[in-house]
$ cat my_file-v1.cif   # mmCIF, C-alpha atoms
data_coords
loop_
_atom_site.label_atom_id
_atom_site.label_comp_id
_atom_site.auth_asym_id
_atom_site.auth_seq_id
_atom_site.Cartn_x
_atom_site.Cartn_y
_atom_site.Cartn_z
CA MET A 48 -2.36 -16.99 44.88
CA ASN A 49 0.61 -14.91 43.73
CA ILE A 50 -0.20 -12.97 40.56
CA SER A 51 3.49 -12.36 39.84
CA ASP A 52 3.87 -16.09 39.15
CA TYR A 53 1.85 -15.57 35.96
CA LYS A 54 3.28 -12.32 34.61
CA ALA A 55 4.79 -14.14 31.64
CA TYR A 56 1.32 -15.21 30.50
CA ILE A 57 -0.52 -11.90 31.00
CA SER A 58 -0.25 -9.89 27.79
CA ALA A 59 -2.22 -7.93 25.21
CA GLU A 60 -2.54 -11.22 23.33
CA THR A 61 -4.16 -13.14 26.18
CA MET A 62 -6.24 -10.36 27.76
CA MET A 63 -9.70 -9.69 26.32
CA GLY A 64 -10.65 -7.00 28.83
CA PRO A 65 -9.71 -5.93 32.37
CA ASN A 66 -7.10 -8.29 33.76
CA SER A 67 -8.94 -11.55 34.44
CA VAL A 68 -6.05 -12.82 36.57
CA ARG A 69 -6.66 -10.14 39.18
CA ILE A 70 -10.38 -10.96 39.26
CA LEU A 71 -9.63 -14.67 39.64
CA ALA A 72 -7.05 -13.99 42.35
CA GLU A 73 -9.55 -12.06 44.47
CA LEU A 74 -12.10 -14.86 44.17
CA PHE A 75 -9.51 -17.48 45.14
CA ASP A 76 -8.27 -15.41 48.08
CA LYS A 77 -11.77 -14.71 49.39
CA TYR A 78 -13.17 -18.21 48.84
CA PRO A 79 -10.36 -20.80 48.61
CA LEU A 80 -11.31 -24.04 46.88
CA HIS A 81 -11.06 -27.29 48.81
CA LEU A 82 -10.57 -30.02 46.24
CA VAL A 83 -9.49 -33.63 45.95
CA PRO A 84 -7.41 -35.06 43.05
CA ASN A 85 -10.33 -36.46 41.03
CA ASP A 86 -12.36 -33.23 41.15
CA MET A 87 -13.06 -31.33 37.92
CA ILE A 88 -13.57 -27.61 37.31
CA LEU A 89 -15.50 -25.92 34.52
CA ASP A 90 -14.04 -22.59 33.38
CA LEU A 91 -17.05 -21.12 31.60
CA GLY A 92 -16.27 -18.35 29.13
CA CYS A 93 -12.51 -18.89 29.39
CA GLY A 94 -11.53 -16.57 26.52
CA THR A 95 -7.96 -17.28 25.46
CA GLY A 96 -7.57 -19.79 28.29
CA LEU A 97 -5.53 -17.56 30.60
CA THR A 98 -7.82 -18.24 33.55
CA SER A 99 -7.89 -21.94 32.74
CA LEU A 100 -4.10 -22.10 32.90
CA ILE A 101 -4.06 -20.49 36.33
CA ILE A 102 -6.92 -22.61 37.65
CA ALA A 103 -5.03 -25.71 36.54
CA LYS A 104 -1.75 -24.54 38.09
CA GLU A 105 -3.33 -23.40 41.35
CA THR A 106 -5.59 -26.41 41.94
CA GLY A 107 -3.82 -29.31 40.23
CA VAL A 108 -7.14 -30.79 39.08
CA ARG A 109 -8.59 -31.31 35.61
CA VAL A 110 -10.06 -28.21 33.98
CA PHE A 111 -12.62 -28.01 31.18
CA ALA A 112 -12.09 -24.70 29.37
CA ASN A 113 -15.19 -23.63 27.47
CA ASP A 114 -15.58 -20.57 25.28
CA LEU A 115 -17.93 -19.74 22.42
CA TRP A 116 -15.77 -17.11 20.71
CA ILE A 117 -12.35 -18.82 20.78
CA SER A 118 -12.09 -22.20 19.09
CA ALA A 119 -11.11 -25.33 20.98
CA GLU A 120 -8.29 -25.85 18.49
CA GLU A 121 -6.80 -22.42 19.16
CA ASN A 122 -6.99 -22.77 22.93
CA GLY A 123 -5.80 -26.36 22.78
CA LYS A 124 -2.67 -25.28 20.95
CA ARG A 125 -2.02 -22.62 23.59
CA PHE A 126 -2.48 -25.13 26.42
CA VAL A 127 0.09 -27.43 24.85
CA GLU A 128 2.54 -24.56 24.46
CA TRP A 129 1.99 -23.66 28.11
CA GLY A 130 2.66 -27.23 29.22
CA VAL A 131 -0.85 -27.97 30.51
CA GLY A 132 -2.28 -29.71 27.46
CA GLU A 133 -2.96 -32.95 29.33
CA GLN A 134 -4.66 -31.20 32.26
CA ILE A 135 -7.03 -28.87 30.37
CA THR A 136 -9.74 -29.94 27.93
CA PRO A 137 -10.67 -27.14 25.49
CA ILE A 138 -14.32 -26.89 24.43
CA CYS A 139 -16.28 -24.52 22.19
CA GLU A 140 -19.98 -24.61 23.13
CA ASP A 141 -22.82 -22.21 23.84
CA ALA A 142 -23.37 -21.84 27.59
CA ASN A 143 -27.08 -22.39 26.97
CA ASN A 144 -26.45 -25.82 25.47
CA LEU A 145 -23.61 -27.53 27.31
CA HIS A 146 -22.95 -31.25 27.03
CA PHE A 147 -21.45 -32.67 30.21
CA GLU A 148 -22.19 -35.49 32.61
CA LYS A 149 -24.65 -34.78 35.39
CA LYS A 150 -22.90 -33.65 38.58
CA GLN A 151 -19.52 -33.67 36.82
CA PHE A 152 -17.94 -30.55 38.33
CA ARG A 153 -16.90 -29.70 41.86
CA ALA A 154 -16.51 -26.05 40.91
CA LEU A 155 -17.62 -23.60 38.25
CA ILE A 156 -15.48 -20.54 37.57
CA SER A 157 -16.52 -17.78 35.20
CA ILE A 158 -14.48 -14.59 34.75
CA ASP A 159 -15.71 -11.59 32.73
CA SER A 160 -18.21 -13.64 30.73
CA TYR A 161 -21.20 -14.79 32.81
CA HIS A 162 -23.11 -11.54 32.16
CA TYR A 163 -23.19 -12.26 28.41
CA PHE A 164 -25.36 -15.36 28.71
CA ALA A 165 -26.75 -15.68 32.25
CA GLY A 166 -28.74 -12.50 32.86
CA SER A 167 -32.14 -14.17 33.21
CA LYS A 168 -33.65 -15.65 36.34
CA GLY A 169 -33.41 -19.42 36.44
CA PHE A 170 -30.35 -19.69 34.20
CA PHE A 171 -28.11 -21.06 36.96
CA GLN A 172 -30.68 -23.64 38.05
CA GLU A 173 -31.49 -24.80 34.52
CA LYS A 174 -28.19 -24.52 32.63
CA ILE A 175 -25.46 -24.90 35.28
CA LEU A 176 -26.74 -26.63 38.40
CA PRO A 177 -27.36 -30.03 36.76
CA PHE A 178 -23.62 -30.34 36.02
CA MET A 179 -22.54 -29.38 39.56
CA LYS A 180 -21.72 -31.86 42.31
CA ASP A 181 -23.35 -31.61 45.71
CA ASN A 182 -21.25 -29.46 48.07
CA GLY A 183 -19.79 -27.74 45.01
CA VAL A 184 -19.12 -24.04 44.53
CA ALA A 185 -19.35 -21.40 41.82
CA LEU A 186 -16.99 -18.43 41.69
CA ILE A 187 -17.99 -15.68 39.27
CA GLY A 188 -16.42 -12.29 38.60
CA ILE A 189 -18.06 -9.95 36.08
CA PRO A 190 -18.43 -6.27 35.26
CA GLY A 191 -21.54 -4.71 36.69
CA LEU A 192 -23.29 -1.61 37.95
CA LYS A 193 -22.69 -0.22 41.43
CA ASP A 194 -25.57 -0.91 43.79
CA GLU A 195 -26.55 2.74 44.11
CA TYR A 196 -27.30 2.88 40.36
CA THR A 197 -29.48 -0.23 40.21
CA GLY A 198 -31.88 -0.16 37.28
CA ARG A 199 -30.13 2.69 35.45
CA ALA A 200 -27.67 0.75 33.26
CA GLN A 201 -29.22 1.80 29.96
CA GLU A 202 -29.29 5.45 31.00
CA LEU A 203 -25.75 5.59 32.41
CA LEU A 204 -23.81 3.24 30.15
CA SER A 205 -25.40 3.46 26.72
CA ASP A 206 -22.82 5.94 25.37
CA TRP A 207 -20.14 3.36 26.13
CA LEU A 208 -21.90 0.03 25.60
CA GLY A 209 -24.82 0.89 23.33
CA ASP A 210 -27.43 -1.86 23.25
CA ASP A 211 -25.27 -4.06 25.54
CA ALA A 212 -25.73 -1.78 28.56
CA TYR A 213 -28.56 -4.00 29.85
CA MET A 214 -26.04 -6.73 30.69
CA PHE A 215 -24.53 -4.67 33.52
CA LYS A 216 -26.39 -5.37 36.76
CA SER A 217 -25.73 -4.56 40.40
CA PRO A 218 -24.53 -7.09 43.00
CA LYS A 219 -27.96 -7.01 44.64
CA LEU A 220 -29.71 -7.72 41.35
CA TRP A 221 -27.31 -10.56 40.51
CA LYS A 222 -28.12 -12.18 43.84
CA GLU A 223 -31.80 -12.04 42.94
CA LEU A 224 -31.14 -13.44 39.47
CA ILE A 225 -29.15 -16.38 40.82
CA GLY A 226 -32.16 -17.11 42.99
CA ASP A 227 -32.54 -20.19 45.15
CA SER A 228 -32.96 -23.94 44.84
CA ASP A 229 -33.24 -26.90 47.15
CA ARG A 230 -29.60 -27.59 46.21
CA ILE A 231 -28.25 -24.08 46.91
CA GLU A 232 -27.03 -23.35 50.44
CA SER A 233 -26.06 -19.70 50.02
CA VAL A 234 -25.37 -16.93 47.50
CA GLN A 235 -23.02 -14.03 48.23
CA THR A 236 -22.47 -11.01 45.96
CA TRP A 237 -20.22 -7.98 46.45
CA GLU A 238 -18.34 -5.17 44.72
CA MET A 239 -14.85 -6.51 44.14
CA ASP A 240 -11.67 -4.73 45.29
CA CYS A 241 -9.57 -5.39 42.17
CA PHE A 242 -11.39 -2.89 39.93
CA ASP A 243 -8.68 -0.23 39.56
CA LYS A 244 -5.72 -2.55 39.06
CA ALA A 245 -7.53 -4.85 36.64
CA TRP A 246 -8.62 -1.88 34.53
CA ASP A 247 -5.16 -0.29 34.68
CA ASP A 248 -3.60 -3.43 33.20
CA TRP A 249 -6.12 -3.49 30.35
CA LEU A 250 -5.97 0.21 29.53
CA ALA A 251 -2.17 0.01 29.34
CA THR A 252 -2.46 -2.20 26.23
CA ASN A 253 -2.90 -0.89 22.70
CA LYS A 254 -5.70 -3.23 21.74
CA LYS A 255 -8.56 -1.68 19.78
CA PHE A 256 -11.19 -2.13 22.49
CA ALA A 257 -8.84 -0.89 25.21
CA LEU A 258 -8.27 2.32 23.27
CA SER A 259 -12.03 2.77 23.04
CA ASP A 260 -12.50 2.05 26.75
CA ARG A 261 -9.94 4.74 27.64
CA GLN A 262 -12.25 7.39 26.21
CA HIS A 263 -15.04 6.41 28.59
CA PHE A 264 -13.13 5.34 31.69
CA GLU A 265 -13.18 8.55 33.74
CA THR A 266 -16.66 9.70 32.68
CA ILE A 267 -18.65 6.43 32.67
CA ILE A 268 -16.73 3.28 33.63
CA LYS A 269 -15.10 4.45 36.86
CA PRO A 270 -18.01 6.44 38.34
CA TYR A 271 -20.80 3.93 37.71
CA THR A 272 -19.41 0.43 37.27
CA CYS A 273 -17.72 -2.19 39.39
CA PHE A 274 -16.74 -5.83 39.24
CA VAL A 275 -19.38 -8.04 40.80
CA GLY A 276 -18.16 -11.04 42.74
CA ILE A 277 -20.56 -13.96 43.08
CA TYR A 278 -20.06 -16.97 45.36
CA ILE A 279 -22.56 -19.81 45.27
CA LYS A 280 -22.27 -22.68 47.76
CA LEU A 281 -24.22 -25.86 47.11
CA LYS A 282 -25.62 -28.09 49.80
CA LYS A 283 -24.06 -31.39 50.76
CA ALA A 284 -25.81 -34.53 49.60
CA LEU A 285 -28.67 -35.63 51.85
#

$ encode --input "my_file-v1.cif" --output "structure tokens"
Amino acid sequence: MNISDYKAYISAETMMGPNSVRILAELFDKYPLHLVPNDMILDLGCGTGLTSLIIAKETGVRVFANDLWISAEENGKRFVEWGVGEQITPICEDANNLHFEKKQFRALISIDSYHYFAGSKGFFQEKILPFMKDNGVALIGIPGLKDEYTGRAQELLSDWLGDDAYMFKSPKLWKELIGDSDRIESVQTWEMDCFDKAWDDWLATNKKFALSDRQHFETIIKPYTCFVGIYIKLKKAL
């Protein structure tokens, strides 16, 4: 994946935090998707739909773009303007109460959002796995806590995140939270390499939250946090 192909779409208007395109690119480069034309992908927590656009362009398959904070109408209008209106279906639902067909998706992708709703053990098995096809994959990239600071999120991040500090967890803890299932073949978690560049892109904007993040970047964000990559491979059908 060549990030420069999407420079025209990456802006203060479409970014809602550190550059999601860089996070998505690392996931795609590390774990390429192997799809067929009738496969479907769920982009869970798609924000303004920037990741959904790129997923659609890079894979050529149908994408369901779900976000709770951005309306389906708003994202749908953007998809039409971007020329992918027929390939992407915009949805606005709570991740805890999704309405899809069983085993509908070959892949789940979630960038900078999974930590908001999936921080309890069993969430993946109960809320996501029923909609995933056998031999499917999940690619997740989220902000988290470096492994060496496991269990200290509230202490280290509260000045920056307040009551939301609990959502930041280490790669090791995320692997435990994903857990296992008779349908899961493997779970891999790691500290992603795109941290500096993704943050640089975000901090260069003049958005309100970016300005706030600048004040904490050198003292809290950079020393203690990372982006956590999560790869989940499902077993083939028996």

$ closest_atom_pairs --input "my_file-v1.cif" --of "range 91-130 of chain A" --to "range 60-65 of chain A" --cutoff "10 Å" --atoms "all atoms listed in the file" --output "JSON lines"
{"residue": "A:Gly94", "atom": "CA", "partner": "A:Met63", "partner_atom": "CA", "distance": 7.1}
{"residue": "A:Thr95", "atom": "CA", "partner": "A:Thr61", "partner_atom": "CA", "distance": 5.7}
{"residue": "A:Gly96", "atom": "CA", "partner": "A:Thr61", "partner_atom": "CA", "distance": 7.8}
{"residue": "A:Leu97", "atom": "CA", "partner": "A:Thr61", "partner_atom": "CA", "distance": 6.4}
{"residue": "A:Thr98", "atom": "CA", "partner": "A:Thr61", "partner_atom": "CA", "distance": 9.7}

$ closest_residue --input "my_file-v1.cif" --among "A:Ile135, A:Leu91, A:Cys241, A:Ala103" --to "Ala185 in chain A" --atoms "all atoms listed in the file"
A:Leu91

$ closest_residue --input "my_file-v1.cif" --among "A:Ser233, A:Thr106, A:Tyr271, A:Lys174" --to "Arg199 in chain A" --atoms "all atoms listed in the file"
A:Tyr271

$ resolve_selection --input "my_file-v1.cif" --expression "the PyMOL selection byres ((chain A and resi 222-232) around 12)" --output "number ranges by chain"
A: 150, 161-162, 165-177, 179-185, 187, 194, 216-221, 233-237, 275-285

$ write_last_selection --input "my_file-v1.cif" --atoms "C-alpha atoms" --output "PDB file, in the coordinates of the input"
ATOM      1  CA  LYS A 150     -22.900 -33.650  38.580  1.00  0.00           C
ATOM      2  CA  TYR A 161     -21.200 -14.790  32.810  1.00  0.00           C
ATOM      3  CA  HIS A 162     -23.110 -11.540  32.160  1.00  0.00           C
ATOM      4  CA  ALA A 165     -26.750 -15.680  32.250  1.00  0.00           C
ATOM      5  CA  GLY A 166     -28.740 -12.500  32.860  1.00  0.00           C
ATOM      6  CA  SER A 167     -32.140 -14.170  33.210  1.00  0.00           C
ATOM      7  CA  LYS A 168     -33.650 -15.650  36.340  1.00  0.00           C
ATOM      8  CA  GLY A 169     -33.410 -19.420  36.440  1.00  0.00           C
ATOM      9  CA  PHE A 170     -30.350 -19.690  34.200  1.00  0.00           C
ATOM     10  CA  PHE A 171     -28.110 -21.060  36.960  1.00  0.00           C
ATOM     11  CA  GLN A 172     -30.680 -23.640  38.050  1.00  0.00           C
ATOM     12  CA  GLU A 173     -31.490 -24.800  34.520  1.00  0.00           C
ATOM     13  CA  LYS A 174     -28.190 -24.520  32.630  1.00  0.00           C
ATOM     14  CA  ILE A 175     -25.460 -24.900  35.280  1.00  0.00           C
ATOM     15  CA  LEU A 176     -26.740 -26.630  38.400  1.00  0.00           C
ATOM     16  CA  PRO A 177     -27.360 -30.030  36.760  1.00  0.00           C
ATOM     17  CA  MET A 179     -22.540 -29.380  39.560  1.00  0.00           C
ATOM     18  CA  LYS A 180     -21.720 -31.860  42.310  1.00  0.00           C
ATOM     19  CA  ASP A 181     -23.350 -31.610  45.710  1.00  0.00           C
ATOM     20  CA  ASN A 182     -21.250 -29.460  48.070  1.00  0.00           C
ATOM     21  CA  GLY A 183     -19.790 -27.740  45.010  1.00  0.00           C
ATOM     22  CA  VAL A 184     -19.120 -24.040  44.530  1.00  0.00           C
ATOM     23  CA  ALA A 185     -19.350 -21.400  41.820  1.00  0.00           C
ATOM     24  CA  ILE A 187     -17.990 -15.680  39.270  1.00  0.00           C
ATOM     25  CA  ASP A 194     -25.570  -0.910  43.790  1.00  0.00           C
ATOM     26  CA  LYS A 216     -26.390  -5.370  36.760  1.00  0.00           C
ATOM     27  CA  SER A 217     -25.730  -4.560  40.400  1.00  0.00           C
ATOM     28  CA  PRO A 218     -24.530  -7.090  43.000  1.00  0.00           C
ATOM     29  CA  LYS A 219     -27.960  -7.010  44.640  1.00  0.00           C
ATOM     30  CA  LEU A 220     -29.710  -7.720  41.350  1.00  0.00           C
ATOM     31  CA  TRP A 221     -27.310 -10.560  40.510  1.00  0.00           C
ATOM     32  CA  SER A 233     -26.060 -19.700  50.020  1.00  0.00           C
ATOM     33  CA  VAL A 234     -25.370 -16.930  47.500  1.00  0.00           C
ATOM     34  CA  GLN A 235     -23.020 -14.030  48.230  1.00  0.00           C
ATOM     35  CA  THR A 236     -22.470 -11.010  45.960  1.00  0.00           C
ATOM     36  CA  TRP A 237     -20.220  -7.980  46.450  1.00  0.00           C
ATOM     37  CA  VAL A 275     -19.380  -8.040  40.800  1.00  0.00           C
ATOM     38  CA  GLY A 276     -18.160 -11.040  42.740  1.00  0.00           C
ATOM     39  CA  ILE A 277     -20.560 -13.960  43.080  1.00  0.00           C
ATOM     40  CA  TYR A 278     -20.060 -16.970  45.360  1.00  0.00           C
ATOM     41  CA  ILE A 279     -22.560 -19.810  45.270  1.00  0.00           C
ATOM     42  CA  LYS A 280     -22.270 -22.680  47.760  1.00  0.00           C
ATOM     43  CA  LEU A 281     -24.220 -25.860  47.110  1.00  0.00           C
ATOM     44  CA  LYS A 282     -25.620 -28.090  49.800  1.00  0.00           C
ATOM     45  CA  LYS A 283     -24.060 -31.390  50.760  1.00  0.00           C
ATOM     46  CA  ALA A 284     -25.810 -34.530  49.600  1.00  0.00           C
ATOM     47  CA  LEU A 285     -28.670 -35.630  51.850  1.00  0.00           C
TER      48      LEU A 285
END

$ closest_residue --input "my_file-v1.cif" --among "A:Asn113, A:Ser157, A:Thr266, A:Ser99" --to "Leu74 in chain A" --atoms "all atoms listed in the file"
A:Ser157

$ residues_around --input "my_file-v1.cif" --residues "Val83 in chain A" --least-positions-apart "2" --cutoff "10 Å" --atoms "only C-alpha atoms" --output "JSON, numbers by chain"
{"A": [80, 81, 85, 86, 87, 106, 107, 108, 153]}

$ closest_residue --input "my_file-v1.cif" --among "A:Thr136, A:Asn66, A:Gly130, A:Ile156" --to "Ile102 in chain A" --atoms "all atoms listed in the file"
A:Ile156

$ residues_around --input "my_file-v1.cif" --residues "Trp116 in chain A" --least-positions-apart "2" --cutoff "12 Å" --atoms "only C-alpha atoms" --output "PDB file with C-alpha atoms, in the coordinates of the input"
ATOM      1  CA  MET A  63      -9.700  -9.690  26.320  1.00  0.00           C
ATOM      2  CA  LEU A  91     -17.050 -21.120  31.600  1.00  0.00           C
ATOM      3  CA  GLY A  92     -16.270 -18.350  29.130  1.00  0.00           C
ATOM      4  CA  CYS A  93     -12.510 -18.890  29.390  1.00  0.00           C
ATOM      5  CA  GLY A  94     -11.530 -16.570  26.520  1.00  0.00           C
ATOM      6  CA  THR A  95      -7.960 -17.280  25.460  1.00  0.00           C
ATOM      7  CA  GLY A  96      -7.570 -19.790  28.290  1.00  0.00           C
ATOM      8  CA  ASN A 113     -15.190 -23.630  27.470  1.00  0.00           C
ATOM      9  CA  ASP A 114     -15.580 -20.570  25.280  1.00  0.00           C
ATOM     10  CA  SER A 118     -12.090 -22.200  19.090  1.00  0.00           C
ATOM     11  CA  ALA A 119     -11.110 -25.330  20.980  1.00  0.00           C
ATOM     12  CA  GLU A 120      -8.290 -25.850  18.490  1.00  0.00           C
ATOM     13  CA  GLU A 121      -6.800 -22.420  19.160  1.00  0.00           C
ATOM     14  CA  ASN A 122      -6.990 -22.770  22.930  1.00  0.00           C
ATOM     15  CA  ILE A 138     -14.320 -26.890  24.430  1.00  0.00           C
ATOM     16  CA  CYS A 139     -16.280 -24.520  22.190  1.00  0.00           C
ATOM     17  CA  GLU A 140     -19.980 -24.610  23.130  1.00  0.00           C
ATOM     18  CA  ASP A 141     -22.820 -22.210  23.840  1.00  0.00           C
ATOM     19  CA  ALA A 142     -23.370 -21.840  27.590  1.00  0.00           C
ATOM     20  CA  SER A 160     -18.210 -13.640  30.730  1.00  0.00           C
ATOM     21  CA  TYR A 163     -23.190 -12.260  28.410  1.00  0.00           C
TER      22      TYR A 163
END

$ atom_distance --input "my_file-v1.cif" --atom1 "CA of Phe215 in chain A" --atom2 "CA of Trp246 in chain A"
16.2 Å

$ closest_residue --input "my_file-v1.cif" --among "A:Phe242, A:Trp129, A:Phe256, A:Phe264" --to "Val68 in chain A" --atoms "only C-alpha atoms"
A:Phe242

$ atom_distance --input "my_file-v1.cif" --atom1 "CA of Leu155 in chain A" --atom2 "CA of Ile101 in chain A"
14.0 Å

$ atom_distance --input "my_file-v1.cif" --atom1 "CA of His146 in chain A" --atom2 "CA of Phe126 in chain A"
21.4 Å

$ resolve_selection --input "my_file-v1.cif" --expression "the PyMOL selection byres ((chain A and resi 274) around 7)" --output "ChimeraX atom specification"
/A:188-191,238-239,242,273,275-276

$ closest_residue --input "my_file-v1.cif" --among "A:Thr272, A:Asp76, A:Lys54, A:Lys104" --to "Lys193 in chain A" --atoms "all atoms listed in the file"
A:Thr272
